[in-house]
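Take a look at the structure set out below.
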Amino acid sequence: MRRAKRPAASCRTTVPTHEPRAPRTDPGIAYRGRFAPSPTGPLHFGSLVAAMASYVDARHRQGAWFVRIEDVDVPRTRPGASDAILHSLERYGLEWDGPVWRQSSRTDAYRGALARLVAGGIAYPCACTRRELSAQPIGPLGERVYPGTCRNDIANDAARRRRVAMRVRVPAVPVAFTDSVFGTITQRLAAEDGDFVVLRSDGYFAYQLAVVVDDAAQRITDVVRGADLLASTPRQIFLQRALDVATPRYVHVPVAVDGRGAKLSKATAAAALGPAPLPALHAAWRFLGQEPPPDRPSSVREWWSWAIANWRADRVPRAFTRTVDAAGT
């Protein structure tokens, strides 16, 4: 994949036994944003909303915008999907900087981060199976809260012979951050999620660790993405602090759902983006609460030039979801 043109327009680990320090940022680095789709199918309208929001926010602030293919979950990856995603981005006029990163090629970086977590006493092996954890209560995040079974040691010899996952010890104190759309978000990881997995028992690294390592390596300063990932952000901030890397600024935009309230996704067979970009671009722009252009641009390049100049992040609706119909699409 060629580099698309841009439009004119020593880690330290600490065991988390006390209140975490404040997030560290790098004020000297210019704006660096990213769009990070999973190659489980073609881009659809919900994907376009997330891509558009991150792209115009970066370009409006004279920043760089990168594309990362998040294929760390190899079993869910569909052959040819990543190339189809990149072709769709090009067809819709989203022009990225630098090479496209692929998580499947970054295993050594994740392994190194995990080693630092282990050395710091933060990560530990867990031999619990899904069946063994199925009786645990569902927490407020919609996931089963890990009870800490293997926190101090793997319980028995039979368990030691299993393939194990790796979890991280989370603090009892809350993790808080300020989202540009939703305001202050506070989450008690120990009560709402428990020690979470960073390396699965099948040998694949978990998304939470991979995204933190990659954002740090790409020096990402601003993360603009769907509100379905809002609940994951405190876990990522915890890992950023544990690995002593900078915490980006976060903006979470509404997730597109259908009339039944189901998220538009590859899993729900959401329709792929069509061959005509302009109607979908107008629809995604309205979905994000933006004022339409007074004169309808005649080309994709003209449309993006107008949108970048007129983006208003403060107009993004403060809503976890919006139905496509409600957005006038």
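Just remember, in the structure tokens the first chain shown is A, the second B, etc., residues are 1-based per chain, and ligands are 1-based in the order shown.
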Sel. of alpha helix (DSSP H) residues, region 130-199 of chain A, as an MDAnalysis selection string: chainID A and resid 130:133 157:160 189:192
Polymer residues at most 9 Å from Pro37 (chain A), only C-alpha atoms, same-chain spacing of 6 or more positions, as a count of residues only: 10
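Among the candidate residues A:Phe238, A:Tyr207, A:Trp285, A:Tyr250, the one lying nearest to Val224 (chain A) is A:Tyr250, with distances computed using only C-alpha atoms.
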Proximity to Ser232 (chain A) - best of A:Phe287, A:Tyr204, A:Phe177, A:Trp306, only C-alpha atoms: A:Phe177
DSSP-assigned strand (DSSP E or B) members of region 17-231 of chain A, reported as number ranges by chain: A: 32-35, 44, 64-69, 101-102, 123-126, 138, 144, 165-168, 175-179, 183-187, 197-199, 205, 222-226
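Residue nearest Ala84 (chain A), chosen from A:Leu209, A:Leu273, A:Leu230, A:Val145 and counting only C-alpha atoms: A:Leu273.
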Surrounding residues of Leu288 (chain A) excluding itself and chain neighbours under 6 positions, 8 Å, only C-alpha atoms, as a ChimeraX atom specification: /A:49,53,253-254,315-317
Spatial neighbours of region 96-103 of chain A, max dist 10 Å, only C-alpha atoms, sep filter under 2 positions, as an NGL selection string: :A and (1-7 or 32-36 or 38 or 55 or 63-74 or 82 or 86 or 89-90 or 93-94 or 105-107 or 109-110 or 205 or 207 or 210-211 or 214 or 218)
Pairwise distance for CA of Thr129 (chain A) and CA of Val198 (chain A), rounded to one decimal in Å: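 Calculated distance between CA of Thr129 (chain A) and CA of Val198 (chain A) is 15.0 Å.
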Report as a PDB file with C-alpha atoms, in the first residue's frame all protein, DNA and RNA residues lying within 10 Å of Pro79 (chain A), evaluated on only C-alpha atoms, omitting residues in the same chain fewer than 4 positions from it.
ATOM      1  CA  PRO A  39     -10.045  -6.445   9.627  1.00  0.00           C
ATOM      2  CA  THR A  40     -13.074  -8.630  10.346  1.00  0.00           C
ATOM      3  CA  GLY A  41     -15.014  -7.327   7.342  1.00  0.00           C
ATOM      4  CA  ASP A  83      -6.784  -4.307   1.933  1.00  0.00           C
ATOM      5  CA  ALA A  84     -10.508  -3.703   1.377  1.00  0.00           C
TER       6      ALA A  84
END
Which residue of A:Arg151, A:Arg225, A:Arg301, A:Arg249 approaches Leu278 (chain A) most closely, using only C-alpha atoms: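 With only C-alpha atoms as the atom set, the closest residue is A:Arg301.
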Nearest candidate to Leu189 (chain A) (options A:Pro234, A:Pro279, A:Pro147, A:Pro294; using only C-alpha atoms):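 For Leu189 (chain A), the nearest of the given residues is A:Pro234.
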A:Ala176, A:Leu243, A:Leu264, A:Val181 ranked by distance to Ala119 (chain A), top pick (using only C-alpha atoms):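 The closest residue to Ala119 (chain A) is A:Leu243.
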Non-local contacts of Trp303 (chain A) (9 Å; only C-alpha atoms; under 4 positions in same chain excluded) as a list in words: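 Listing them by chain and then by number gives Leu278, Leu281, His282, Pro293, Arg296, Pro297, Ser298, Ser299, Ala307 and Ile308 of chain A.
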Write to file, as an mmCIF file, in the first residue's frame, the residues of the selection just made, with C-alpha atoms.
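Contents of the output file out_19.cif:
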data_model
loop_
_atom_site.group_PDB
_atom_site.id
_atom_site.type_symbol
_atom_site.label_atom_id
_atom_site.label_comp_id
_atom_site.auth_asym_id
_atom_site.auth_seq_id
_atom_site.Cartn_x
_atom_site.Cartn_y
_atom_site.Cartn_z
ATOM 1 C CA LEU A 278 -20.601 11.897 -1.101
ATOM 2 C CA LEU A 281 -20.050 11.494 3.889
ATOM 3 C CA HIS A 282 -22.978 13.905 4.228
ATOM 4 C CA PRO A 293 -22.447 22.890 4.059
ATOM 5 C CA ARG A 296 -23.263 20.912 -1.571
ATOM 6 C CA PRO A 297 -19.623 20.230 -2.616
ATOM 7 C CA SER A 298 -19.295 18.646 -6.034
ATOM 8 C CA SER A 299 -16.300 16.401 -5.277
ATOM 9 C CA ALA A 307 -15.458 19.760 6.459
ATOM 10 C CA ILE A 308 -11.940 20.155 7.866
#
